[in-house]
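Student: Sharing model_19.csv, CSV, C-alpha atoms and all ligand atoms:
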chain,number,residue,atom,x,y,z
A,1,MET,CA,-13.8,-4.1,-16.3
A,2,ALA,CA,-10.9,-6.5,-16.5
A,3,THR,CA,-8.3,-8.5,-14.8
A,4,VAL,CA,-4.6,-7.5,-15.2
A,5,GLN,CA,-1.6,-9.9,-15.2
A,6,LEU,CA,2.1,-9.3,-15.2
A,7,GLN,CA,4.0,-12.6,-15.9
A,8,SER,CA,7.7,-12.7,-15.1
A,9,VAL,CA,8.1,-9.1,-16.3
A,10,VAL,CA,11.6,-7.7,-16.6
A,11,LYS,CA,12.7,-4.1,-17.4
A,12,ARG,CA,16.3,-2.9,-17.8
A,13,TYR,CA,17.7,0.5,-18.6
A,14,GLY,CA,21.2,-0.5,-19.5
A,15,GLY,CA,22.4,-2.1,-16.3
A,16,ALA,CA,20.7,-4.2,-13.6
A,17,PRO,CA,16.9,-4.7,-14.0
A,18,VAL,CA,14.8,-2.0,-12.4
A,19,VAL,CA,11.9,-4.4,-12.5
A,20,ASP,CA,13.1,-8.0,-12.0
A,21,THR,CA,10.9,-10.9,-12.8
A,22,VAL,CA,7.7,-9.5,-11.4
A,23,SER,CA,4.5,-11.6,-11.6
A,24,LEU,CA,1.2,-10.3,-10.3
A,25,SER,CA,-2.5,-10.9,-10.9
A,26,VAL,CA,-5.1,-8.2,-10.3
A,27,ARG,CA,-8.7,-9.3,-9.9
A,28,ASP,CA,-11.6,-7.9,-11.8
A,29,GLY,CA,-12.8,-4.8,-9.9
A,30,GLU,CA,-10.0,-5.0,-7.3
A,31,PHE,CA,-8.3,-2.0,-5.8
A,32,LEU,CA,-4.6,-3.0,-5.8
A,33,THR,CA,-1.8,-0.8,-4.6
A,34,LEU,CA,1.9,-0.9,-5.4
A,35,LEU,CA,3.7,0.3,-2.3
A,36,GLY,CA,7.4,0.8,-1.9
A,37,PRO,CA,10.2,3.4,-1.5
A,38,SER,CA,11.4,5.8,-4.2
A,39,GLY,CA,13.1,4.0,-7.1
A,40,CYS,CA,11.8,0.5,-6.4
A,41,GLY,CA,10.0,0.2,-9.8
A,42,LYS,CA,6.4,1.2,-9.1
A,43,THR,CA,6.0,3.6,-11.9
A,44,THR,CA,7.8,1.4,-14.3
A,45,CYS,CA,5.4,-1.5,-13.5
A,46,LEU,CA,2.4,0.9,-14.0
A,47,ARG,CA,3.8,2.2,-17.3
A,48,MET,CA,4.3,-1.4,-18.5
A,49,ILE,CA,0.6,-2.0,-17.8
A,50,ALA,CA,-0.4,1.3,-19.6
A,51,GLY,CA,1.9,0.5,-22.5
A,52,PHE,CA,4.3,3.5,-22.2
A,53,VAL,CA,7.2,1.1,-21.4
A,54,THR,CA,7.8,-2.2,-23.1
A,55,PRO,CA,9.2,-5.0,-20.9
A,56,ASP,CA,12.4,-6.7,-22.0
A,57,ALA,CA,11.0,-10.1,-21.0
A,58,GLY,CA,7.6,-11.5,-19.7
A,59,SER,CA,4.1,-10.5,-20.7
A,60,VAL,CA,1.2,-8.2,-19.8
A,61,HIS,CA,-2.4,-9.4,-20.0
A,62,ILE,CA,-5.5,-7.2,-19.7
A,63,GLY,CA,-8.9,-9.0,-19.6
A,64,GLY,CA,-7.2,-12.2,-20.5
A,65,GLU,CA,-5.7,-10.7,-23.7
A,66,ASP,CA,-1.9,-10.5,-24.3
A,67,VAL,CA,-1.3,-6.8,-24.7
A,68,THR,CA,2.5,-6.9,-24.4
A,69,ARG,CA,2.9,-5.6,-28.0
A,70,VAL,CA,-0.3,-3.6,-28.1
A,71,PRO,CA,0.3,0.2,-28.2
A,72,ALA,CA,-0.8,2.3,-25.2
A,73,TYR,CA,-3.7,4.0,-27.0
A,74,ARG,CA,-5.3,0.6,-27.8
A,75,ARG,CA,-5.0,-0.8,-24.3
A,76,ASP,CA,-8.1,0.9,-22.9
A,77,THR,CA,-6.6,2.1,-19.7
A,78,GLY,CA,-7.1,5.5,-17.9
A,79,MET,CA,-4.2,7.0,-16.2
A,80,VAL,CA,-3.7,9.8,-13.6
A,81,PHE,CA,-0.2,11.1,-12.9
A,82,GLN,CA,1.4,12.7,-9.8
A,83,GLN,CA,1.8,16.1,-11.5
A,84,TYR,CA,-1.3,17.5,-13.1
A,85,ALA,CA,-1.1,16.6,-16.7
A,86,LEU,CA,-4.0,18.7,-17.8
A,87,PHE,CA,-3.9,20.7,-21.0
A,88,PRO,CA,-3.5,24.3,-19.8
A,89,HIS,CA,-5.1,26.0,-22.8
A,90,LEU,CA,-8.3,23.9,-22.7
A,91,THR,CA,-11.2,24.3,-20.2
A,92,VAL,CA,-12.1,21.5,-17.8
A,93,ALA,CA,-14.8,20.3,-20.2
A,94,GLN,CA,-12.5,20.4,-23.2
A,95,ASN,CA,-9.8,18.5,-21.2
A,96,LEU,CA,-12.4,15.7,-20.6
A,97,ALA,CA,-13.8,15.8,-24.1
A,98,PHE,CA,-10.3,15.5,-25.7
A,99,GLY,CA,-10.1,11.7,-25.4
A,100,LEU,CA,-13.7,11.3,-26.6
A,101,ARG,CA,-13.0,13.4,-29.7
A,102,VAL,CA,-10.0,11.3,-30.5
A,103,ARG,CA,-12.4,8.3,-30.3
A,104,LYS,CA,-14.7,10.1,-32.7
A,105,LEU,CA,-17.8,10.1,-30.5
A,106,ARG,CA,-20.8,12.3,-31.5
A,107,ALA,CA,-21.0,15.8,-30.1
A,108,ASN,CA,-24.1,15.2,-28.0
A,109,GLU,CA,-22.7,12.0,-26.5
A,110,ILE,CA,-19.4,13.8,-25.7
A,111,LYS,CA,-21.4,16.5,-23.9
A,112,ALA,CA,-23.4,14.0,-21.9
A,113,ARG,CA,-20.4,11.9,-20.9
A,114,VAL,CA,-18.3,15.0,-19.9
A,115,ALA,CA,-21.2,16.2,-17.7
A,116,GLU,CA,-21.6,12.8,-16.1
A,117,ALA,CA,-17.9,12.5,-15.3
A,118,LEU,CA,-17.8,16.0,-13.8
A,119,GLU,CA,-20.8,15.2,-11.6
A,120,ARG,CA,-19.0,12.1,-10.5
A,121,VAL,CA,-16.0,14.1,-9.1
A,122,ARG,CA,-18.4,16.8,-7.9
A,123,LEU,CA,-17.1,19.5,-10.3
A,124,GLY,CA,-20.3,20.0,-12.3
A,125,ASP,CA,-20.0,23.8,-11.9
A,126,TYR,CA,-16.4,24.0,-13.1
A,127,ALA,CA,-16.8,22.9,-16.7
A,128,GLY,CA,-15.8,26.3,-18.1
A,129,ARG,CA,-12.8,27.0,-16.0
A,130,TYR,CA,-9.2,26.7,-17.1
A,131,PRO,CA,-6.7,24.5,-15.1
A,132,GLU,CA,-4.9,27.6,-13.7
A,133,GLN,CA,-8.2,28.6,-12.1
A,134,LEU,CA,-8.4,25.4,-10.1
A,135,SER,CA,-6.8,24.3,-6.8
A,136,GLY,CA,-4.5,21.4,-6.6
A,137,GLY,CA,-7.2,19.1,-5.4
A,138,GLN,CA,-9.6,20.2,-8.0
A,139,LYS,CA,-7.0,19.6,-10.7
A,140,GLN,CA,-6.6,16.0,-9.6
A,141,ARG,CA,-10.4,15.6,-9.6
A,142,VAL,CA,-10.4,16.8,-13.2
A,143,ALA,CA,-7.5,14.4,-14.0
A,144,LEU,CA,-9.5,11.5,-12.5
A,145,ALA,CA,-12.6,12.5,-14.4
A,146,ARG,CA,-10.6,12.7,-17.6
A,147,ALA,CA,-9.2,9.2,-17.0
A,148,LEU,CA,-12.7,7.8,-16.3
A,149,VAL,CA,-14.7,9.6,-19.1
A,150,ILE,CA,-13.4,7.2,-21.7
A,151,ASN,CA,-14.8,4.2,-19.7
A,152,PRO,CA,-11.4,2.4,-19.5
A,153,ARG,CA,-11.2,-1.2,-18.5
A,154,VAL,CA,-8.5,-0.4,-15.9
A,155,LEU,CA,-7.7,2.8,-13.9
A,156,LEU,CA,-4.0,3.4,-13.3
A,157,LEU,CA,-3.1,6.0,-10.6
A,158,ASP,CA,0.5,7.0,-10.1
A,159,GLU,CA,0.8,8.9,-6.8
A,160,PRO,CA,-2.1,11.1,-7.7
A,161,LEU,CA,-2.2,12.7,-4.3
A,162,GLY,CA,1.5,13.2,-3.9
A,163,ALA,CA,1.4,17.0,-4.4
A,164,LEU,CA,-1.4,17.6,-2.0
A,165,ASP,CA,-1.3,18.6,1.7
A,166,GLN,CA,-2.4,15.9,4.3
A,167,GLN,CA,-6.0,17.0,4.8
A,168,LEU,CA,-6.8,17.3,1.1
A,169,ARG,CA,-5.0,14.0,0.6
A,170,GLU,CA,-7.3,12.3,3.0
A,171,GLU,CA,-10.4,13.9,1.4
A,172,LEU,CA,-9.4,12.8,-2.0
A,173,GLN,CA,-8.5,9.3,-0.8
A,174,ALA,CA,-12.1,8.9,0.4
A,175,GLU,CA,-13.3,10.3,-2.9
A,176,ILE,CA,-11.2,7.9,-5.0
A,177,LYS,CA,-12.4,5.0,-2.9
A,178,ARG,CA,-16.1,6.1,-3.4
A,179,ILE,CA,-15.7,6.5,-7.1
A,180,GLN,CA,-13.9,3.2,-7.5
A,181,ARG,CA,-16.7,1.4,-5.7
A,182,GLU,CA,-19.4,3.2,-7.7
A,183,VAL,CA,-17.8,2.5,-11.1
A,184,GLY,CA,-16.5,-1.0,-10.0
A,185,ILE,CA,-13.3,-0.5,-12.0
A,186,THR,CA,-10.2,-2.5,-11.6
A,187,THR,CA,-7.7,0.0,-10.1
A,188,ILE,CA,-3.9,-0.1,-9.7
A,189,PHE,CA,-2.7,2.7,-7.4
A,190,VAL,CA,0.9,3.6,-6.8
A,191,THR,CA,2.1,5.2,-3.5
A,192,HIS,CA,5.1,5.2,-1.1
A,193,ASP,CA,2.7,6.1,1.7
A,194,GLN,CA,1.9,3.0,3.8
A,195,ALA,CA,-1.1,4.7,5.6
A,196,GLU,CA,-2.6,5.6,2.2
A,197,ALA,CA,-2.1,2.1,0.9
A,198,VAL,CA,-3.7,0.5,4.0
A,199,SER,CA,-6.8,2.8,3.9
A,200,LEU,CA,-7.5,2.4,0.2
A,201,SER,CA,-6.6,-1.1,-0.9
A,202,ASP,CA,-8.2,-4.5,-1.2
A,203,ARG,CA,-4.6,-5.9,-1.5
A,204,ILE,CA,-1.2,-4.3,-1.4
A,205,VAL,CA,1.9,-5.3,-3.3
A,206,VAL,CA,5.0,-4.4,-1.2
A,207,MET,CA,7.9,-3.7,-3.6
A,208,ARG,CA,11.6,-3.6,-2.9
A,209,ALA,CA,14.4,-3.0,-5.4
A,210,GLY,CA,12.5,-4.1,-8.5
A,211,GLY,CA,10.9,-7.2,-6.9
A,212,ILE,CA,7.9,-8.1,-4.8
A,213,SER,CA,8.4,-8.6,-1.0
A,214,GLN,CA,4.8,-9.7,-0.2
A,215,ILE,CA,1.3,-9.4,-1.6
A,216,GLY,CA,-1.7,-9.5,0.7
A,217,SER,CA,-4.6,-7.6,2.2
A,218,PRO,CA,-3.7,-4.7,4.5
A,219,GLN,CA,-4.7,-7.0,7.5
A,220,THR,CA,-2.4,-9.8,6.3
A,221,LEU,CA,0.5,-7.5,5.8
A,222,TYR,CA,0.0,-6.0,9.2
A,223,ASP,CA,-0.7,-9.2,11.2
A,224,ARG,CA,1.4,-11.7,9.2
A,225,PRO,CA,4.3,-9.9,7.6
A,226,ALA,CA,6.5,-12.3,5.6
A,227,ASN,CA,9.8,-10.7,6.4
A,228,ARG,CA,11.5,-7.9,8.3
A,229,TYR,CA,11.2,-5.4,5.4
A,230,VAL,CA,7.4,-5.7,5.2
A,231,ALA,CA,7.1,-5.8,9.0
A,232,SER,CA,9.0,-2.5,9.4
A,233,PHE,CA,7.4,-0.8,6.3
A,234,ILE,CA,3.8,-1.1,7.5
A,235,GLY,CA,3.1,0.4,11.0
A,236,LYS,CA,5.2,0.3,14.1
A,237,ILE,CA,6.6,-3.0,15.3
A,238,ASN,CA,9.0,-4.5,17.8
A,239,LEU,CA,11.6,-7.0,16.5
A,240,LEU,CA,13.4,-9.2,19.1
A,241,GLU,CA,16.2,-11.6,18.4
A,242,VAL,CA,15.3,-15.1,19.5
A,243,ARG,CA,16.1,-18.8,18.7
A,244,ALA,CA,13.7,-21.6,18.1
A,245,SER,CA,14.2,-23.8,21.2
A,246,GLY,CA,12.0,-26.8,20.6
A,247,ALA,CA,9.3,-28.7,18.7
A,248,VAL,CA,6.2,-27.2,17.1
A,249,ALA,CA,3.0,-27.3,19.2
A,250,PRO,CA,-0.6,-26.6,17.9
A,251,GLY,CA,-1.7,-23.1,18.9
A,252,ALA,CA,-5.0,-22.2,20.5
A,253,SER,CA,-6.3,-20.5,17.3
A,254,GLY,CA,-5.0,-23.3,15.0
A,255,ALA,CA,-1.8,-21.4,14.1
A,256,GLY,CA,1.5,-23.1,14.6
A,257,LEU,CA,3.3,-22.1,17.7
A,258,VAL,CA,6.9,-22.8,18.4
A,259,PRO,CA,8.9,-22.3,21.7
A,260,VAL,CA,11.7,-19.7,21.4
A,261,SER,CA,14.2,-18.3,23.8
A,262,THR,CA,16.3,-15.1,23.9
A,263,PRO,CA,20.0,-15.3,23.0
A,264,ASP,CA,20.9,-15.1,26.7
A,265,GLY,CA,18.7,-18.1,27.4
A,266,LEU,CA,16.9,-16.3,30.1
A,267,ARG,CA,13.5,-15.8,28.5
A,268,HIS,CA,11.2,-18.5,27.1
A,269,TRP,CA,8.2,-17.6,25.0
A,270,ASP,CA,6.2,-19.1,22.2
A,271,ALA,CA,5.4,-17.5,18.9
A,272,ALA,CA,3.5,-18.1,15.7
A,273,PHE,CA,5.2,-19.2,12.5
A,274,ASP,CA,4.2,-19.6,8.9
A,275,HIS,CA,3.5,-23.3,8.2
A,276,ALA,CA,5.2,-23.2,4.9
A,277,ARG,CA,8.5,-22.2,6.6
A,278,ALA,CA,8.6,-24.0,9.9
A,279,PRO,CA,11.8,-23.0,11.8
A,280,SER,CA,14.3,-25.7,12.8
A,281,ALA,CA,15.5,-26.1,16.4
A,282,GLY,CA,18.2,-23.6,17.2
A,283,GLU,CA,17.5,-21.4,14.2
A,284,PRO,CA,18.1,-17.7,14.8
A,285,LEU,CA,14.8,-15.8,14.2
A,286,LEU,CA,13.2,-12.4,14.7
A,287,LEU,CA,10.1,-12.2,16.9
A,288,ALA,CA,7.8,-9.5,15.5
A,289,LEU,CA,5.3,-8.0,17.9
A,290,ARG,CA,3.0,-5.1,17.3
A,291,PRO,CA,2.9,-2.4,20.2
A,292,GLU,CA,-0.8,-2.7,20.6
A,293,ARG,CA,-0.7,-6.5,21.1
A,294,ILE,CA,1.4,-6.1,24.2
A,295,GLN,CA,-0.6,-5.7,27.4
A,296,LEU,CA,0.3,-4.4,30.9
A,297,ALA,CA,-0.7,-7.8,32.5
A,298,ALA,CA,1.1,-10.4,34.5
A,299,ASN,CA,-1.2,-13.2,33.7
A,300,LEU,CA,-0.4,-13.9,30.0
A,301,PRO,CA,1.7,-16.9,28.9
A,302,ASN,CA,4.5,-14.7,27.5
A,303,ARG,CA,5.9,-12.1,29.8
A,304,ILE,CA,8.8,-9.7,30.4
A,305,GLU,CA,9.5,-7.1,33.1
A,306,GLY,CA,10.7,-3.6,32.4
A,307,ARG,CA,10.9,0.0,33.3
A,308,VAL,CA,9.0,2.7,31.5
A,309,GLU,CA,11.5,5.2,30.0
A,310,LEU,CA,9.1,7.4,28.1
A,311,ALA,CA,5.3,7.7,27.9
A,312,THR,CA,3.9,9.6,24.9
A,313,TYR,CA,0.3,10.6,24.6
A,314,ALA,CA,-1.3,9.4,21.4
A,315,GLY,CA,-4.9,10.6,21.7
A,316,ASP,CA,-6.5,7.1,21.8
A,317,GLY,CA,-3.9,5.9,24.4
A,318,TRP,CA,-0.2,6.0,25.1
A,319,TYR,CA,3.0,4.8,23.6
A,320,LEU,CA,5.3,3.5,26.3
A,321,ASP,CA,9.0,3.0,25.6
A,322,VAL,CA,9.9,0.2,28.0
A,323,ALA,CA,13.5,-0.9,28.8
A,324,THR,CA,13.6,-4.6,29.4
A,325,GLY,CA,17.2,-5.3,30.3
A,326,GLY,CA,20.4,-5.1,28.2
A,327,ASP,CA,19.8,-2.8,25.3
A,328,THR,CA,16.4,-4.4,24.6
A,329,ARG,CA,13.4,-2.0,24.4
A,330,LEU,CA,9.8,-2.6,23.7
A,331,LEU,CA,7.3,-0.1,22.3
A,332,VAL,CA,3.9,-0.7,23.9
A,333,LYS,CA,0.6,1.0,22.8
A,334,THR,CA,-2.0,1.2,25.6
A,335,SER,CA,-5.6,2.2,25.2
A,336,GLY,CA,-7.5,4.3,27.7
A,337,ARG,CA,-6.6,7.5,29.5
A,338,ALA,CA,-4.4,6.2,32.3
A,339,ALA,CA,-0.9,4.9,31.8
A,340,PRO,CA,2.2,4.2,34.0
A,341,SER,CA,4.6,7.1,34.0
A,342,ALA,CA,8.3,7.2,33.3
A,343,GLY,CA,10.3,5.3,35.9
A,344,GLU,CA,7.6,2.8,36.8
A,345,HIS,CA,8.2,-0.9,36.7
A,346,VAL,CA,5.8,-2.9,34.6
A,347,THR,CA,5.1,-6.4,33.5
A,348,LEU,CA,4.3,-6.8,29.9
A,349,GLY,CA,2.5,-9.8,28.4
A,350,TRP,CA,1.2,-11.1,25.1
A,351,HIS,CA,-0.3,-14.1,23.4
A,352,GLY,CA,2.0,-16.4,21.4
A,353,GLU,CA,-0.4,-16.1,18.4
A,354,ASP,CA,0.2,-12.4,18.3
A,355,ALA,CA,4.0,-12.7,18.0
A,356,VAL,CA,5.2,-13.6,14.4
A,357,LEU,CA,8.5,-15.3,13.8
A,358,LEU,CA,10.5,-14.0,10.8
A,359,ARG,CA,13.7,-15.1,9.3
A,360,ASP,CA,16.3,-12.3,9.6
A,361,GLU,CA,17.3,-11.9,5.9
A,362,VAL,CA,20.3,-9.8,5.0
A,363,ALA,CA,19.4,-6.2,5.1
A,364,ALA,CA,19.7,-4.5,1.7
B,401,LIG,N1,13.5,6.1,-18.7
B,401,LIG,C1,14.4,5.6,-17.8
B,401,LIG,N2,15.7,5.6,-18.1
B,401,LIG,C2,16.7,5.1,-17.2
B,401,LIG,N3,16.3,4.7,-15.9
B,401,LIG,C3,15.0,4.8,-15.5
B,401,LIG,C4,14.0,5.2,-16.4
B,401,LIG,N4,12.9,5.2,-15.8
B,401,LIG,C5,13.1,4.7,-14.6
B,401,LIG,N5,14.4,4.5,-14.4
B,401,LIG,C6,15.1,4.0,-13.2
B,401,LIG,O1,14.4,2.8,-12.8
B,401,LIG,C7,14.2,2.7,-11.4
B,401,LIG,C8,12.8,2.6,-11.0
B,401,LIG,O2,12.1,3.8,-11.3
B,401,LIG,P1,10.6,4.0,-11.1
B,401,LIG,O3,10.2,5.3,-11.6
B,401,LIG,O4,9.8,2.8,-11.5
B,401,LIG,O5,10.6,4.1,-9.5
B,401,LIG,P2,9.4,4.4,-8.5
B,401,LIG,O6,9.2,3.3,-7.6
B,401,LIG,O7,8.2,4.8,-9.2
B,401,LIG,O8,10.0,5.6,-7.7
B,401,LIG,P3,9.3,7.0,-7.1
B,401,LIG,O9,8.6,6.6,-5.8
B,401,LIG,O10,10.4,7.9,-6.8
B,401,LIG,O11,8.4,7.5,-8.2
B,401,LIG,C9,14.9,4.0,-10.8
B,401,LIG,O12,16.2,3.7,-10.4
B,401,LIG,C10,15.0,4.9,-12.0
B,401,LIG,O13,16.1,5.8,-11.9
B,402,MG,MG,7.2,6.7,-9.4
Show this structure as structure tokens.
Tutor:
Amino acid sequence: MATVQLQSVVKRYGGAPVVDTVSLSVRDGEFLTLLGPSGCGKTTCLRMIAGFVTPDAGSVHIGGEDVTRVPAYRRDTGMVFQQYALFPHLTVAQNLAFGLRVRKLRANEIKARVAEALERVRLGDYAGRYPEQLSGGQKQRVALARALVINPRVLLLDEPLGALDQQLREELQAEIKRIQREVGITTIFVTHDQAEAVSLSDRIVVMRAGGISQIGSPQTLYDRPANRYVASFIGKINLLEVRASGAVAPGASGAGLVPVSTPDGLRHWDAAFDHARAPSAGEPLLLALRPERIQLAANLPNRIEGRVELATYAGDGWYLDVATGGDTRLLVKTSGRAAPSAGEHVTLGWHGEDAVLLRDEVAA
């Protein structure tokens, strides 16, 4: 097991950097996910950790050791790729044994470790099959077993479930999580699927255009996004234009609360802010509010009236699309069976602590 560090890592392919001064520290035994849209540099980061790509600047440490110049085969990492990279002419057992043969282990030890790894991914009966005789999910289990059989210090998974359908994806997510807990291995997982990242990870690194937008637990990213990009990337959210309209007051839960008003000056609310970046009076801001934090209640400190435009059933409740004057709309998630129907007037309310103030950075 080991920690992994990237320190001010830069990678260029000719032009502008595709990974631009990324620093990141993965804890021993942690499940960390690199999340971001296509082309943002996730695979490049993973390959720099594995040693398949050499950074132009910065350093990579595994288990406290500087491995920036250490070749991939001596870094002791196990990797699984999006596309099944199994050897087609070798059986499942031979695929697993390959890395152990290279390491010159004795035949009986190879046999025992291959059997153990196949049991771990519940494919004990498939040792003699060839890759073409396996389903997509089974192939990825074999790829996972092959990455683990060498007892690597770090497990690197590059969109390993990308080619699978949704149900199989969810099954294998649970499987990966179970195995990671059992083995206790430091794991870096790459995906562009936010739901997958949220369900698997201890912490998520949200990447954007070669850089890091925010690092935090799924809960932190959801409840306290640092910017519009992270807020919109993870889950559904309402973003309202407001201005800071006064001094900072201590909130009920200890969070900082600041009074804000809408640009037309008609609505006055309060909202939470990050202490490190307290807004100044008059500053234009975005108020970020999750649909499920809004209640159909007239007795909360922050309120707005509106008319339900659309009610959509969501199994565990309803999504309400509420027009609140001008071209402002709020998405509300209710729980329970009953909900107002389209056309009804409603009063929406929320707690200031549940509304997060963001600076409206320039959209990229
Ligand atoms: N070998 C290479 N030569 C030139 N450009 C490359 C190379 N590898 C990656 N790039 C570029 O670097 C950028 C980041 O690529 P990377 O594969 O890290 O993205 P990603 O986040 O993994 O995307 P995806 O979700 O599509 O896999 C892209 O613009 C890509 O075109
Ligand atoms: Mg990739």
Student: Using only C-alpha atoms, list the residues that have an atom at most 8 Å from (-5.6, 9.2, -17.3), coordinates as in the file, as an mmCIF file with C-alpha atoms, in the coordinates of the input.
Tutor:
data_model
loop_
_atom_site.group_PDB
_atom_site.id
_atom_site.type_symbol
_atom_site.label_atom_id
_atom_site.label_comp_id
_atom_site.auth_asym_id
_atom_site.auth_seq_id
_atom_site.Cartn_x
_atom_site.Cartn_y
_atom_site.Cartn_z
ATOM 1 C CA THR A 77 -6.600 2.100 -19.700
ATOM 2 C CA GLY A 78 -7.100 5.500 -17.900
ATOM 3 C CA MET A 79 -4.200 7.000 -16.200
ATOM 4 C CA VAL A 80 -3.700 9.800 -13.600
ATOM 5 C CA PHE A 81 -0.200 11.100 -12.900
ATOM 6 C CA ALA A 143 -7.500 14.400 -14.000
ATOM 7 C CA LEU A 144 -9.500 11.500 -12.500
ATOM 8 C CA ARG A 146 -10.600 12.700 -17.600
ATOM 9 C CA ALA A 147 -9.200 9.200 -17.000
ATOM 10 C CA LEU A 148 -12.700 7.800 -16.300
ATOM 11 C CA LEU A 155 -7.700 2.800 -13.900
ATOM 12 C CA LEU A 156 -4.000 3.400 -13.300
ATOM 13 C CA LEU A 157 -3.100 6.000 -10.600
#
Student: Using all atoms listed in the file, which residue out of A:Gly128, A:Gly15, A:Gly162, A:Gly63 lies closest to ligand MG 402 (chain B)?
Tutor: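 Of the candidates, the smallest distance to ligand MG 402 (chain B) is held by A:Gly162.
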Student: I'd like the contact shell of Gln82 in chain A - 12 Å cut-off, only C-alpha atoms, skipping same-chain residues fewer than 6 positions apart - returned as a list in words.
Tutor: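 The contact residues come out as Thr43, Gly136, Gly137, Lys139, Gln140, Ala143, Leu144, Leu156, Leu157, Asp158, Glu159, Pro160, Leu161, Gly162, Ala163, Leu164, Phe189, Val190 and Thr191 of chain A.
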Student: Let me see the file: selected residues, C-alpha atoms, as an mmCIF file, in the coordinates of the input.
Tutor:
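This went into again.cif:
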data_model
loop_
_atom_site.group_PDB
_atom_site.id
_atom_site.type_symbol
_atom_site.label_atom_id
_atom_site.label_comp_id
_atom_site.auth_asym_id
_atom_site.auth_seq_id
_atom_site.Cartn_x
_atom_site.Cartn_y
_atom_site.Cartn_z
ATOM 1 C CA THR A 43 6.000 3.600 -11.900
ATOM 2 C CA GLY A 136 -4.500 21.400 -6.600
ATOM 3 C CA GLY A 137 -7.200 19.100 -5.400
ATOM 4 C CA LYS A 139 -7.000 19.600 -10.700
ATOM 5 C CA GLN A 140 -6.600 16.000 -9.600
ATOM 6 C CA ALA A 143 -7.500 14.400 -14.000
ATOM 7 C CA LEU A 144 -9.500 11.500 -12.500
ATOM 8 C CA LEU A 156 -4.000 3.400 -13.300
ATOM 9 C CA LEU A 157 -3.100 6.000 -10.600
ATOM 10 C CA ASP A 158 0.500 7.000 -10.100
ATOM 11 C CA GLU A 159 0.800 8.900 -6.800
ATOM 12 C CA PRO A 160 -2.100 11.100 -7.700
ATOM 13 C CA LEU A 161 -2.200 12.700 -4.300
ATOM 14 C CA GLY A 162 1.500 13.200 -3.900
ATOM 15 C CA ALA A 163 1.400 17.000 -4.400
ATOM 16 C CA LEU A 164 -1.400 17.600 -2.000
ATOM 17 C CA PHE A 189 -2.700 2.700 -7.400
ATOM 18 C CA VAL A 190 0.900 3.600 -6.800
ATOM 19 C CA THR A 191 2.100 5.200 -3.500
#
Student: Produce as a compact mmCIF listing (two decimals) with C-alpha atoms, in the frame of the given file the set of residues near ligand LIG 401 (chain B), where near means within 10 Å with all atoms listed in the file considered.
Tutor:
# COMPACT_ATOMS: atom_id res chain seq x y z
CA LYS A 11 12.70 -4.10 -17.40
CA ARG A 12 16.30 -2.90 -17.80
CA TYR A 13 17.70 0.50 -18.60
CA GLY A 14 21.20 -0.50 -19.50
CA GLY A 15 22.40 -2.10 -16.30
CA ALA A 16 20.70 -4.20 -13.60
CA PRO A 17 16.90 -4.70 -14.00
CA VAL A 18 14.80 -2.00 -12.40
CA VAL A 19 11.90 -4.40 -12.50
CA LEU A 34 1.90 -0.90 -5.40
CA LEU A 35 3.70 0.30 -2.30
CA GLY A 36 7.40 0.80 -1.90
CA PRO A 37 10.20 3.40 -1.50
CA SER A 38 11.40 5.80 -4.20
CA GLY A 39 13.10 4.00 -7.10
CA CYS A 40 11.80 0.50 -6.40
CA GLY A 41 10.00 0.20 -9.80
CA LYS A 42 6.40 1.20 -9.10
CA THR A 43 6.00 3.60 -11.90
CA THR A 44 7.80 1.40 -14.30
CA CYS A 45 5.40 -1.50 -13.50
CA LEU A 46 2.40 0.90 -14.00
CA ARG A 47 3.80 2.20 -17.30
CA MET A 48 4.30 -1.40 -18.50
CA VAL A 53 7.20 1.10 -21.40
CA GLN A 82 1.40 12.70 -9.80
CA ASP A 158 0.50 7.00 -10.10
CA GLU A 159 0.80 8.90 -6.80
CA GLY A 162 1.50 13.20 -3.90
CA VAL A 190 0.90 3.60 -6.80
CA THR A 191 2.10 5.20 -3.50
CA HIS A 192 5.10 5.20 -1.10
CA ASP A 193 2.70 6.10 1.70
CA MET A 207 7.90 -3.70 -3.60
CA ARG A 208 11.60 -3.60 -2.90
CA ALA A 209 14.40 -3.00 -5.40
CA GLY A 210 12.50 -4.10 -8.50
Student: Counting all atoms listed in the file, write as a PyMOL selection string all protein and nucleic acid residues lying at most 10 Å from (13.4, -16.5, 13.3) in the file's frame.
Tutor: chain A and resi 227+240-244+260+271+273+278-280+282-288+356-361
Student: Can you pull out every residue within 10 Å of Ala323 in chain A, counting all atoms listed in the file, but drop anything in the same chain fewer than 5 positions away, and send it as a tab-separated table (two decimals) with C-alpha atoms, keeping the file's coordinate frame?
Tutor:
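selection-v4.tsv written:
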chain	number	residue	atom	x	y	z
A	305	GLU	CA	9.50	-7.10	33.10
A	306	GLY	CA	10.70	-3.60	32.40
A	307	ARG	CA	10.90	0.00	33.30
A	308	VAL	CA	9.00	2.70	31.50
A	309	GLU	CA	11.50	5.20	30.00
A	310	LEU	CA	9.10	7.40	28.10
A	328	THR	CA	16.40	-4.40	24.60
A	329	ARG	CA	13.40	-2.00	24.40
A	330	LEU	CA	9.80	-2.60	23.70
A	331	LEU	CA	7.30	-0.10	22.30
A	343	GLY	CA	10.30	5.30	35.90
A	345	HIS	CA	8.20	-0.90	36.70
A	346	VAL	CA	5.80	-2.90	34.60
Student: Given only C-alpha atoms as the basis, pick out the residue of A:Gly184, A:Val60, A:Arg141, A:His89 nearest to Glu171 in chain A.
Tutor: A:Arg141
Student: Could you check which of A:Gln83, A:Ser232, A:Ser199, A:Asn108 is closest to ligand MG 402 (chain B), using all atoms listed in the file?
Tutor: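 Checking each of A:Gln83, A:Ser232, A:Ser199, A:Asn108 against ligand MG 402 (chain B), counting all atoms listed in the file, the winner is A:Gln83.
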